[in-house]
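Taking it in order: structure first as structure tokens, then the write-up.
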Amino acid sequence: MEDGADKQTRQDRKLAKALQKGRVRAWKEFYAQYATPVYRFVLARARGDAEAAKDITRESLVIAVERIADFDWRKGELWPWLCGIAMNKLRETARGKARDGRIAEVFDERNAARTGDGASADAMDVEYVLSTLRPDWQDVLEQKYMLGKSVREMAETLHMSEKAVESRLTRARDAFRQAYDARPNAAEGSTS
């Protein structure tokens, strides 16, 4: 039986090959699969600025398609790569906006948090690690820990059985824990 992550990886590789060949249908499939998750990722980091999030999402997806031939599957999965592109676009946009712009404020606060108290830096690490996970894992972790939903409520929202939600939540927690422990500054944080 094929694991959901293996199936997603196989589908992503097939999609990437079709994109490299310039197939219009592949672009439509790529957009349908990733536009909403990338938009949600960007919107959360753009302080709810929907217009900026739409623009950055669009630009990020175009960049991803243009650079799909450069993507190395041995270094990671497609979703974290897309998040990296979106974060770069967010940073680029923030630098280009006036200091009073909404996105610039977010990055100013984040830079201050990194040099300030450890709790803010930890929150930033959690946000970053969450963003590197698959969209379905992000969703269940956000519903459970940010929205405080029960497994039953999540099952209703996701149109899944409670058992399936529990299974997804377990995998998501494990993936989060592993990614959090492996983050580059993990050792620095433990020494303070």
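Residue names in the structure tokens use chain letters A, B, ... in the order shown, residue numbers from 1 in each chain, and ligand numbers from 1 in the order shown.
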
* Would you kindly return, as a PyMOL selection string, each protein, DNA or RNA residue with an atom no farther than 10 Å from any atom of A:Leu19, considering only C-alpha atoms and excluding same-chain residues fewer than 4 positions away? => chain A and resi 13-15+23-30+64-69

Exercise for review: Report the residues of stretch 19-110 of chain A whose backbone DSSP state falls under helix (DSSP H, G or I), written as a PyMOL selection string.
Suggested key: chain A and resi 19-20+24-45+50-66+68-70+73-75+78-96+102-110

Task: Residue contacts of stretch 134-146 of chain A (8 Å, only C-alpha atoms) excluding same-chain residues fewer than 2 positions away, as a PyMOL selection string - done: chain A and resi 37+79-80+130-132+148-151+154+165+168-169+171-173

Using only N, CA and C atoms, please write the residues we just selected to a file, as a PDB file, in the first residue's frame.
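Wrote it out as again_34.pdb, contents follow:
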ATOM      1  N   PRO A  37      -2.901  26.531  -1.499  1.00  0.00           N
ATOM      2  CA  PRO A  37      -1.971  26.392  -0.370  1.00  0.00           C
ATOM      3  C   PRO A  37      -0.895  27.486  -0.331  1.00  0.00           C
ATOM      4  N   TRP A  79       6.745  21.015  -2.016  1.00  0.00           N
ATOM      5  CA  TRP A  79       6.054  21.999  -1.185  1.00  0.00           C
ATOM      6  C   TRP A  79       7.024  22.936  -0.450  1.00  0.00           C
ATOM      7  N   PRO A  80       8.034  22.433   0.270  1.00  0.00           N
ATOM      8  CA  PRO A  80       8.959  23.367   0.933  1.00  0.00           C
ATOM      9  C   PRO A  80       9.713  24.265  -0.062  1.00  0.00           C
ATOM     10  N   LEU A 130       6.384  24.967  10.451  1.00  0.00           N
ATOM     11  CA  LEU A 130       5.030  24.644  10.000  1.00  0.00           C
ATOM     12  C   LEU A 130       4.905  24.868   8.492  1.00  0.00           C
ATOM     13  N   SER A 131       5.506  25.928   8.006  1.00  0.00           N
ATOM     14  CA  SER A 131       5.395  26.245   6.576  1.00  0.00           C
ATOM     15  C   SER A 131       6.108  25.244   5.677  1.00  0.00           C
ATOM     16  N   THR A 132       7.034  24.476   6.220  1.00  0.00           N
ATOM     17  CA  THR A 132       7.760  23.508   5.394  1.00  0.00           C
ATOM     18  C   THR A 132       7.021  22.180   5.264  1.00  0.00           C
ATOM     19  N   GLY A 148      -8.065  25.140  18.008  1.00  0.00           N
ATOM     20  CA  GLY A 148      -8.567  24.358  19.131  1.00  0.00           C
ATOM     21  C   GLY A 148      -9.684  23.393  18.788  1.00  0.00           C
ATOM     22  N   LYS A 149      -9.733  22.947  17.548  1.00  0.00           N
ATOM     23  CA  LYS A 149     -10.794  22.024  17.141  1.00  0.00           C
ATOM     24  C   LYS A 149     -10.541  20.626  17.664  1.00  0.00           C
ATOM     25  N   SER A 150     -11.624  19.925  17.934  1.00  0.00           N
ATOM     26  CA  SER A 150     -11.525  18.523  18.339  1.00  0.00           C
ATOM     27  C   SER A 150     -11.354  17.663  17.088  1.00  0.00           C
ATOM     28  N   VAL A 151     -10.975  16.411  17.293  1.00  0.00           N
ATOM     29  CA  VAL A 151     -10.822  15.483  16.170  1.00  0.00           C
ATOM     30  C   VAL A 151     -12.161  15.331  15.451  1.00  0.00           C
ATOM     31  N   MET A 154     -12.753  18.364  13.313  1.00  0.00           N
ATOM     32  CA  MET A 154     -11.851  18.319  12.165  1.00  0.00           C
ATOM     33  C   MET A 154     -12.345  17.315  11.131  1.00  0.00           C
ATOM     34  N   VAL A 165      -8.394  11.306  10.511  1.00  0.00           N
ATOM     35  CA  VAL A 165      -7.888  12.574  11.039  1.00  0.00           C
ATOM     36  C   VAL A 165      -6.818  12.310  12.094  1.00  0.00           C
ATOM     37  N   ARG A 168      -3.643  11.299  10.346  1.00  0.00           N
ATOM     38  CA  ARG A 168      -2.999  12.446   9.702  1.00  0.00           C
ATOM     39  C   ARG A 168      -2.361  13.347  10.753  1.00  0.00           C
ATOM     40  N   LEU A 169      -3.050  13.539  11.858  1.00  0.00           N
ATOM     41  CA  LEU A 169      -2.530  14.379  12.935  1.00  0.00           C
ATOM     42  C   LEU A 169      -1.256  13.772  13.535  1.00  0.00           C
ATOM     43  N   ARG A 171       0.901  11.773  11.990  1.00  0.00           N
ATOM     44  CA  ARG A 171       1.977  11.948  11.004  1.00  0.00           C
ATOM     45  C   ARG A 171       2.451  13.400  10.970  1.00  0.00           C
ATOM     46  N   ALA A 172       1.500  14.321  11.052  1.00  0.00           N
ATOM     47  CA  ALA A 172       1.842  15.743  11.017  1.00  0.00           C
ATOM     48  C   ALA A 172       2.676  16.132  12.239  1.00  0.00           C
ATOM     49  N   ARG A 173       2.283  15.643  13.413  1.00  0.00           N
ATOM     50  CA  ARG A 173       3.050  15.935  14.633  1.00  0.00           C
ATOM     51  C   ARG A 173       4.468  15.380  14.518  1.00  0.00           C
TER      52      ARG A 173
END

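Atom CA of A:Arg40 lies 20.7 Å from atom CA of A:Glu156.
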
Counting only C-alpha atoms, the residue among A:Ala53, A:Lys21, A:Gly48, A:Ser161 that lies closest to A:Thr36 is A:Ala53

Atom CA of A:Lys163 to atom CA of A:Ala175 measures 18.4 Å

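A straight line drawn from atom CA of A:Tyr34 to atom CA of A:Thr57 is 9.5 Å long.
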